[in-house]
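Chemist: Quick one: the structure is below, questions incoming.
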Amino acid sequence: EAQVTQNPRYLITVTGKKLTVTCSQNMNHEYMSWYRQDPGLGLRQIYYSMNVEVTDKGDVPEGYKVSRKEKRNFPLILESPSPNQTSLYFCASSFRLAGLTTDTQYFGPGTRLTVL
Amino acid sequence: ILNVEQSPQSLHVQEGDSTNFTCSFPSSNFYALHWYRWETAKSPEALFVMTLNGDEKKKGRISATLNTKEGYSYLYIKGSQPEDSATYLCVFTSGTYKYIFGTGTRLKVLA
């Protein structure tokens, strides 16, 4: 089954404790992206990746890191989480690069993160 | 800063009513407009992608139109059913690597 998986689905942590949210897709998609969803705001892009070893900042990258060592995986790293990073996070992928394709994105199930 | 706006933010309709909502986006540098359906506790799922001015797409009771010159798209639902209850997102792309999301219209269909 074609899918995007994220782990964990729910996480409660404390300020400053490094964490990683994993994202994996099995569709051989080139493009992957991380978004956060906050009340009253649309999904905002954190980072995206056009292919292996190629990543770039979205609109709200501060406090986050990503890596793309393999095509299927795109982990989101919070080196020192803070309470303002409490949010619902979605990973998404599409076959080719946004803006150069009309391919739609496939979304993971979301990770609800609470930073105390 | 590119901005995508959706209206209304939320609405309640009775089962069987038809409804529509609007997505406004920048009319310059348009590449594509996507509509997604997002049910509570699930992930957004693609409904349509539209690229040409005057485009119309249809999927069952849901249809969408596109006006790229004036920067808007309408989503219509005919004969709403409770299972149509969801948030409907529109997403704009301009030929860059980014997707710009609207805040969504939250639809509740009352049985």
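Here, A, B, ... name the chains of the structure tokens in the order displayed, residue numbers run from 1 inside each chain, and ligands are numbered from 1 in the same displayed order.
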Return as a VMD selection string the residues belonging to chain B that are within 12 Å of chain A, counting only C-alpha atoms.
Modeler: chain B and resid 1 to 6 9 to 10 29 to 52 87 to 106
Chemist: Would you save the residues from that selection as a short mmCIF file (atom, residue, chain, number, x, y, z; two decimals), in the first residue's frame, using N, CA and C atoms?
Modeler:
```
data_model
loop_
_atom_site.label_atom_id
_atom_site.label_comp_id
_atom_site.auth_asym_id
_atom_site.auth_seq_id
_atom_site.Cartn_x
_atom_site.Cartn_y
_atom_site.Cartn_z
N ILE B 1 4.90 38.57 0.27
CA ILE B 1 4.48 37.31 0.88
C ILE B 1 3.21 36.84 0.17
N LEU B 2 3.24 35.61 -0.32
CA LEU B 2 2.08 35.06 -1.00
C LEU B 2 1.03 34.65 0.02
N ASN B 3 -0.21 35.01 -0.24
CA ASN B 3 -1.29 34.73 0.69
C ASN B 3 -2.43 34.02 -0.02
N VAL B 4 -2.93 32.98 0.62
CA VAL B 4 -4.09 32.27 0.10
C VAL B 4 -5.19 32.36 1.15
N GLU B 5 -6.34 32.84 0.75
CA GLU B 5 -7.44 33.03 1.69
C GLU B 5 -8.64 32.19 1.30
N GLN B 6 -9.29 31.62 2.30
CA GLN B 6 -10.48 30.82 2.05
C GLN B 6 -11.64 31.38 2.85
N GLN B 9 -14.78 30.65 6.89
CA GLN B 9 -13.91 29.80 7.72
C GLN B 9 -14.60 28.50 8.08
N SER B 10 -15.90 28.63 8.37
CA SER B 10 -16.67 27.43 8.69
C SER B 10 -18.12 27.65 8.31
N ASN B 29 2.06 34.81 -11.40
CA ASN B 29 2.93 33.64 -11.20
C ASN B 29 2.16 32.39 -10.82
N PHE B 30 0.99 32.23 -11.39
CA PHE B 30 0.17 31.06 -11.06
C PHE B 30 0.73 29.84 -11.78
N TYR B 31 0.79 28.72 -11.06
CA TYR B 31 1.15 27.45 -11.70
C TYR B 31 0.04 26.43 -11.55
N ALA B 32 -0.41 26.21 -10.33
CA ALA B 32 -1.46 25.22 -10.11
C ALA B 32 -2.19 25.52 -8.81
N LEU B 33 -3.44 25.07 -8.73
CA LEU B 33 -4.22 25.16 -7.50
C LEU B 33 -4.72 23.76 -7.18
N HIS B 34 -4.48 23.36 -5.93
CA HIS B 34 -4.91 22.05 -5.47
C HIS B 34 -6.03 22.22 -4.44
N TRP B 35 -6.99 21.30 -4.46
CA TRP B 35 -7.99 21.21 -3.39
C TRP B 35 -7.78 19.87 -2.67
N TYR B 36 -7.82 19.96 -1.33
CA TYR B 36 -7.70 18.78 -0.50
C TYR B 36 -8.90 18.71 0.44
N ARG B 37 -9.23 17.50 0.80
CA ARG B 37 -10.28 17.24 1.78
C ARG B 37 -9.60 16.66 3.01
N TRP B 38 -9.91 17.23 4.18
CA TRP B 38 -9.21 16.85 5.39
C TRP B 38 -10.23 16.54 6.47
N GLU B 39 -10.41 15.25 6.72
CA GLU B 39 -11.32 14.83 7.78
C GLU B 39 -10.61 14.86 9.12
N THR B 40 -11.38 15.08 10.16
CA THR B 40 -10.83 15.13 11.51
C THR B 40 -10.09 13.84 11.83
N ALA B 41 -8.91 13.97 12.41
CA ALA B 41 -8.08 12.85 12.84
C ALA B 41 -7.51 12.04 11.68
N LYS B 42 -7.59 12.59 10.48
CA LYS B 42 -6.98 11.92 9.32
C LYS B 42 -6.02 12.89 8.64
N SER B 43 -5.45 12.44 7.54
CA SER B 43 -4.54 13.29 6.77
C SER B 43 -5.30 13.92 5.61
N PRO B 44 -4.83 15.08 5.14
CA PRO B 44 -5.45 15.66 3.94
C PRO B 44 -5.34 14.72 2.75
N GLU B 45 -6.42 14.65 1.96
CA GLU B 45 -6.42 13.82 0.76
C GLU B 45 -6.76 14.70 -0.44
N ALA B 46 -6.07 14.45 -1.54
CA ALA B 46 -6.23 15.28 -2.73
C ALA B 46 -7.61 15.08 -3.36
N LEU B 47 -8.23 16.20 -3.75
CA LEU B 47 -9.48 16.16 -4.51
C LEU B 47 -9.20 16.50 -5.97
N PHE B 48 -8.65 17.68 -6.20
CA PHE B 48 -8.43 18.16 -7.56
C PHE B 48 -7.11 18.91 -7.63
N VAL B 49 -6.54 18.92 -8.83
CA VAL B 49 -5.49 19.87 -9.15
C VAL B 49 -5.91 20.57 -10.44
N MET B 50 -5.80 21.89 -10.43
CA MET B 50 -6.30 22.68 -11.56
C MET B 50 -5.20 23.62 -12.03
N THR B 51 -5.09 23.74 -13.34
CA THR B 51 -3.98 24.54 -13.87
C THR B 51 -4.42 25.60 -14.87
N LEU B 52 -5.52 25.37 -15.59
CA LEU B 52 -5.88 26.28 -16.68
C LEU B 52 -7.02 27.19 -16.30
N THR B 87 -12.73 19.54 6.59
CA THR B 87 -12.13 20.82 6.24
C THR B 87 -11.61 20.72 4.81
N TYR B 88 -11.92 21.72 4.01
CA TYR B 88 -11.50 21.73 2.61
C TYR B 88 -10.40 22.77 2.45
N LEU B 89 -9.25 22.30 2.00
CA LEU B 89 -8.07 23.15 1.88
C LEU B 89 -7.78 23.45 0.42
N CYS B 90 -7.42 24.69 0.14
CA CYS B 90 -6.87 24.95 -1.19
C CYS B 90 -5.39 25.30 -1.03
N VAL B 91 -4.63 24.94 -2.02
CA VAL B 91 -3.18 25.07 -1.98
C VAL B 91 -2.69 25.62 -3.31
N PHE B 92 -1.90 26.67 -3.24
CA PHE B 92 -1.42 27.38 -4.42
C PHE B 92 0.06 27.07 -4.65
N THR B 93 0.42 26.85 -5.90
CA THR B 93 1.84 26.76 -6.22
C THR B 93 2.13 27.72 -7.36
N SER B 94 3.33 28.31 -7.33
CA SER B 94 3.65 29.39 -8.26
C SER B 94 4.85 29.08 -9.13
N GLY B 95 5.24 27.83 -9.21
CA GLY B 95 6.42 27.54 -10.00
C GLY B 95 7.69 27.56 -9.18
N THR B 96 7.55 27.61 -7.88
CA THR B 96 8.70 27.44 -6.99
C THR B 96 8.57 26.06 -6.34
N TYR B 97 9.39 25.82 -5.38
CA TYR B 97 9.31 24.52 -4.71
C TYR B 97 8.32 24.49 -3.55
N LYS B 98 7.56 25.55 -3.37
CA LYS B 98 6.73 25.65 -2.17
C LYS B 98 5.25 25.53 -2.48
N TYR B 99 4.55 24.99 -1.52
CA TYR B 99 3.10 24.97 -1.55
C TYR B 99 2.61 25.99 -0.53
N ILE B 100 1.64 26.83 -0.90
CA ILE B 100 1.06 27.81 0.01
C ILE B 100 -0.36 27.39 0.31
N PHE B 101 -0.63 27.10 1.60
CA PHE B 101 -1.93 26.58 2.01
C PHE B 101 -2.85 27.69 2.49
N GLY B 102 -4.11 27.59 2.16
CA GLY B 102 -5.13 28.40 2.83
C GLY B 102 -5.43 27.81 4.20
N THR B 103 -6.21 28.54 5.00
CA THR B 103 -6.54 28.07 6.34
C THR B 103 -7.69 27.08 6.34
N GLY B 104 -8.36 26.93 5.20
CA GLY B 104 -9.40 25.92 5.11
C GLY B 104 -10.79 26.44 5.39
N THR B 105 -11.77 25.73 4.86
CA THR B 105 -13.18 25.95 5.20
C THR B 105 -13.66 24.68 5.88
N ARG B 106 -14.15 24.84 7.11
CA ARG B 106 -14.62 23.69 7.87
C ARG B 106 -16.11 23.53 7.65
#
```
Chemist: Leaving out A:Leu78 and any residue of its chain fewer than 2 positions from it, which residues lie within 8 Å of it when counting only C-alpha atoms, given as a compact mmCIF listing (two decimals) with all heavy atoms, in the first residue's frame?
Modeler:
```txt
# COMPACT_ATOMS: atom_id res chain seq x y z
N LYS A 18 16.30 16.90 23.07
CA LYS A 18 16.34 16.66 21.62
C LYS A 18 15.39 15.52 21.21
O LYS A 18 15.29 14.50 21.91
CB LYS A 18 17.76 16.29 21.21
CG LYS A 18 17.93 16.03 19.71
CD LYS A 18 19.37 15.70 19.37
CE LYS A 18 19.52 15.39 17.87
NZ LYS A 18 20.92 15.08 17.51
N LEU A 19 14.71 15.73 20.08
CA LEU A 19 13.83 14.68 19.59
C LEU A 19 13.86 14.63 18.06
O LEU A 19 14.23 15.62 17.41
CB LEU A 19 12.40 14.89 20.09
CG LEU A 19 11.65 16.11 19.58
CD1 LEU A 19 10.82 15.77 18.34
CD2 LEU A 19 10.73 16.65 20.67
N THR A 20 13.49 13.48 17.55
CA THR A 20 13.40 13.28 16.10
C THR A 20 12.05 12.68 15.77
O THR A 20 11.62 11.72 16.42
CB THR A 20 14.51 12.34 15.60
OG1 THR A 20 15.79 12.92 15.88
CG2 THR A 20 14.39 12.10 14.09
N GLY A 63 14.53 26.57 14.55
CA GLY A 63 14.40 25.57 15.61
C GLY A 63 14.31 24.14 15.10
O GLY A 63 14.17 23.21 15.89
N TYR A 64 14.37 23.96 13.79
CA TYR A 64 14.25 22.63 13.20
C TYR A 64 15.46 22.33 12.31
O TYR A 64 16.09 23.22 11.78
CB TYR A 64 12.99 22.53 12.32
CG TYR A 64 11.72 22.88 13.02
CD1 TYR A 64 11.19 24.17 12.94
CD2 TYR A 64 11.02 21.92 13.75
CE1 TYR A 64 10.01 24.50 13.58
CE2 TYR A 64 9.83 22.23 14.38
CZ TYR A 64 9.33 23.54 14.30
OH TYR A 64 8.16 23.85 14.94
N LYS A 65 15.74 21.05 12.20
CA LYS A 65 16.72 20.56 11.22
C LYS A 65 16.12 19.37 10.50
O LYS A 65 15.23 18.70 11.04
CB LYS A 65 18.01 20.12 11.94
CG LYS A 65 18.89 21.25 12.41
CD LYS A 65 20.07 20.73 13.22
CE LYS A 65 20.94 19.74 12.48
NZ LYS A 65 22.12 19.33 13.28
N LEU A 76 12.60 14.85 10.84
CA LEU A 76 12.56 16.21 11.37
C LEU A 76 13.19 16.19 12.76
O LEU A 76 12.77 15.41 13.62
CB LEU A 76 11.12 16.70 11.45
CG LEU A 76 10.91 18.12 11.98
CD1 LEU A 76 11.41 19.15 10.98
CD2 LEU A 76 9.43 18.36 12.30
N SER A 80 16.61 21.41 20.35
CA SER A 80 16.30 21.92 21.68
C SER A 80 14.86 22.45 21.67
O SER A 80 14.64 23.66 21.56
CB SER A 80 17.28 23.02 22.08
OG SER A 80 17.03 23.48 23.39
N PRO A 81 13.90 21.53 21.78
CA PRO A 81 12.49 21.94 21.64
C PRO A 81 12.08 22.98 22.66
O PRO A 81 12.57 22.99 23.81
CB PRO A 81 11.73 20.63 21.86
CG PRO A 81 12.72 19.55 21.65
CD PRO A 81 14.05 20.10 22.04
```
Chemist: Please identify all polymer residues within 8 Å of A:Val14, counting only C-alpha atoms, omitting same-chain residues fewer than 4 positions from it, and present them as a ChimeraX atom specification.
Modeler: /A:81-82,115-116
Chemist: Can I get the selection written as a short mmCIF file (atom, residue, chain, number, x, y, z; two decimals), in the first residue's frame, with C-alpha atoms?
Modeler:
```
data_model
loop_
_atom_site.label_atom_id
_atom_site.label_comp_id
_atom_site.auth_asym_id
_atom_site.auth_seq_id
_atom_site.Cartn_x
_atom_site.Cartn_y
_atom_site.Cartn_z
CA PRO A 81 12.49 21.94 21.64
CA SER A 82 10.63 24.86 23.12
CA VAL A 115 6.63 20.58 24.59
CA LEU A 116 6.28 21.40 28.28
#
```
Chemist: Tell me, in Å to one decimal, how far atom CA of B:Gln81 is from atom CA of B:Asp55.
Modeler: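 Here the two named atoms are 25.2 Å from each other.
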Chemist: Smallest atom-to-atom distance to B:Asn53: which of B:Gln14, B:Ser27, B:Ile77, B:Phe21, using only C-alpha atoms?
Modeler: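 Among B:Gln14, B:Ser27, B:Ile77, B:Phe21, it is B:Ser27 that comes nearest to B:Asn53.
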Chemist: Give me, as a PyMOL selection string, all polymer residues having an atom no more than 7 Å from A:Gln3, counting only C-alpha atoms and skipping those fewer than 2 positions away in the same chain.
Modeler: chain A and resi 1+5+25-26
Chemist: Could you tell me how far atom CA of A:Thr13 lies from atom CA of A:Arg36, in Å and to one decimal?
Modeler: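 These two atoms are separated by 17.0 Å.
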Chemist: Using DSSP on the backbone, list every residue of stretch 13-108 of chain A that comes out as strand (DSSP E), and give them as a PyMOL selection string.
Modeler: chain A and resi 13+19-25+31-37+44-51+54-57+65-66+76-78+87-94+106-107
Chemist: How about saving the chosen residues, N, CA and C atoms kept, as a CSV table (one decimal), in the first residue's frame?
Modeler:
```
chain,number,residue,atom,x,y,z
A,13,THR,N,7.0,16.0,25.5
A,13,THR,CA,8.4,16.1,26.0
A,13,THR,C,8.6,17.4,26.8
A,19,LEU,N,14.7,15.7,20.1
A,19,LEU,CA,13.8,14.7,19.6
A,19,LEU,C,13.9,14.6,18.1
A,20,THR,N,13.5,13.5,17.6
A,20,THR,CA,13.4,13.3,16.1
A,20,THR,C,12.1,12.7,15.8
A,21,VAL,N,11.4,13.2,14.8
A,21,VAL,CA,10.2,12.7,14.2
A,21,VAL,C,10.5,12.1,12.9
A,22,THR,N,10.3,10.8,12.7
A,22,THR,CA,10.6,10.1,11.5
A,22,THR,C,9.5,10.2,10.5
A,23,CYS,N,9.9,10.2,9.2
A,23,CYS,CA,8.9,10.2,8.1
A,23,CYS,C,9.5,9.3,7.0
A,24,SER,N,8.6,8.4,6.5
A,24,SER,CA,9.1,7.5,5.5
A,24,SER,C,8.0,7.3,4.5
A,25,GLN,N,8.4,7.3,3.2
A,25,GLN,CA,7.4,7.0,2.1
A,25,GLN,C,7.9,5.9,1.2
A,31,TYR,N,10.1,14.4,-3.9
A,31,TYR,CA,9.9,15.6,-3.1
A,31,TYR,C,9.3,15.2,-1.8
A,32,MET,N,9.8,15.7,-0.7
A,32,MET,CA,9.3,15.5,0.7
A,32,MET,C,9.3,16.8,1.4
A,33,SER,N,8.3,17.0,2.4
A,33,SER,CA,8.2,18.2,3.0
A,33,SER,C,7.6,18.0,4.4
A,34,TRP,N,8.0,19.0,5.3
A,34,TRP,CA,7.4,19.0,6.6
A,34,TRP,C,6.6,20.3,6.8
A,35,TYR,N,5.4,20.1,7.5
A,35,TYR,CA,4.5,21.2,7.8
A,35,TYR,C,4.1,21.2,9.2
A,36,ARG,N,3.8,22.3,9.7
A,36,ARG,CA,3.1,22.4,11.0
A,36,ARG,C,1.8,23.0,10.9
A,37,GLN,N,0.9,22.6,11.7
A,37,GLN,CA,-0.5,23.1,11.7
A,37,GLN,C,-0.8,23.6,13.1
A,44,ARG,N,1.9,25.4,7.5
A,44,ARG,CA,3.0,26.2,7.2
A,44,ARG,C,4.2,25.2,6.9
A,45,GLN,N,5.0,25.5,5.9
A,45,GLN,CA,6.1,24.6,5.5
A,45,GLN,C,7.3,24.9,6.3
A,46,ILE,N,7.9,23.9,6.9
A,46,ILE,CA,9.1,24.0,7.7
A,46,ILE,C,10.4,23.9,6.9
A,47,TYR,N,10.5,22.7,6.3
A,47,TYR,CA,11.6,22.4,5.4
A,47,TYR,C,11.0,21.5,4.2
A,48,TYR,N,11.7,21.5,3.1
A,48,TYR,CA,11.4,20.6,2.1
A,48,TYR,C,12.7,20.0,1.4
A,49,SER,N,12.5,19.0,0.7
A,49,SER,CA,13.7,18.3,0.1
A,49,SER,C,13.3,17.9,-1.3
A,50,MET,N,14.1,18.4,-2.3
A,50,MET,CA,13.9,18.1,-3.7
A,50,MET,C,14.4,16.7,-4.1
A,51,ASN,N,15.4,16.2,-3.3
A,51,ASN,CA,15.9,14.9,-3.6
A,51,ASN,C,16.9,14.5,-2.5
A,54,VAL,N,19.4,17.1,-0.8
A,54,VAL,CA,19.0,18.4,-1.3
A,54,VAL,C,17.8,18.9,-0.4
A,55,THR,N,18.1,19.8,0.4
A,55,THR,CA,17.0,20.3,1.3
A,55,THR,C,17.0,21.9,1.3
A,56,ASP,N,15.9,22.5,1.7
A,56,ASP,CA,15.8,23.9,1.7
A,56,ASP,C,14.8,24.3,2.7
A,57,LYS,N,14.9,25.6,3.2
A,57,LYS,CA,14.0,26.1,4.2
A,57,LYS,C,12.7,26.4,3.6
A,65,LYS,N,15.7,21.1,12.2
A,65,LYS,CA,16.7,20.6,11.2
A,65,LYS,C,16.1,19.4,10.5
A,66,VAL,N,16.6,19.1,9.3
A,66,VAL,CA,16.2,17.9,8.6
A,66,VAL,C,17.4,17.3,7.9
A,76,LEU,N,12.6,14.8,10.8
A,76,LEU,CA,12.6,16.2,11.4
A,76,LEU,C,13.2,16.2,12.8
A,77,ILE,N,14.2,17.0,13.0
A,77,ILE,CA,14.9,17.0,14.2
A,77,ILE,C,14.7,18.4,15.0
A,78,LEU,N,14.4,18.2,16.2
A,78,LEU,CA,14.3,19.4,17.1
A,78,LEU,C,15.4,19.3,18.1
A,87,SER,N,2.7,21.6,18.5
A,87,SER,CA,2.0,21.7,17.2
A,87,SER,C,1.6,20.4,16.7
A,88,LEU,N,0.9,20.4,15.6
A,88,LEU,CA,0.6,19.1,14.9
A,88,LEU,C,1.5,19.2,13.6
A,89,TYR,N,2.3,18.1,13.4
A,89,TYR,CA,3.2,18.1,12.3
A,89,TYR,C,2.8,17.1,11.3
A,90,PHE,N,2.9,17.5,10.0
A,90,PHE,CA,2.7,16.6,8.9
A,90,PHE,C,3.9,16.5,8.0
A,91,CYS,N,4.2,15.3,7.6
A,91,CYS,CA,5.1,15.0,6.6
A,91,CYS,C,4.3,14.7,5.3
A,92,ALA,N,4.9,15.1,4.1
A,92,ALA,CA,4.2,14.9,2.9
A,92,ALA,C,5.2,14.6,1.8
A,93,SER,N,4.8,13.9,0.8
A,93,SER,CA,5.7,13.6,-0.3
A,93,SER,C,4.9,13.7,-1.7
A,94,SER,N,5.6,14.0,-2.7
A,94,SER,CA,5.0,14.0,-4.1
A,94,SER,C,6.1,13.5,-5.0
A,106,TYR,N,1.0,13.5,-0.9
A,106,TYR,CA,0.5,12.5,0.0
A,106,TYR,C,1.0,12.8,1.4
A,107,PHE,N,0.0,12.8,2.3
A,107,PHE,CA,0.4,13.2,3.6
A,107,PHE,C,0.4,12.0,4.6
```
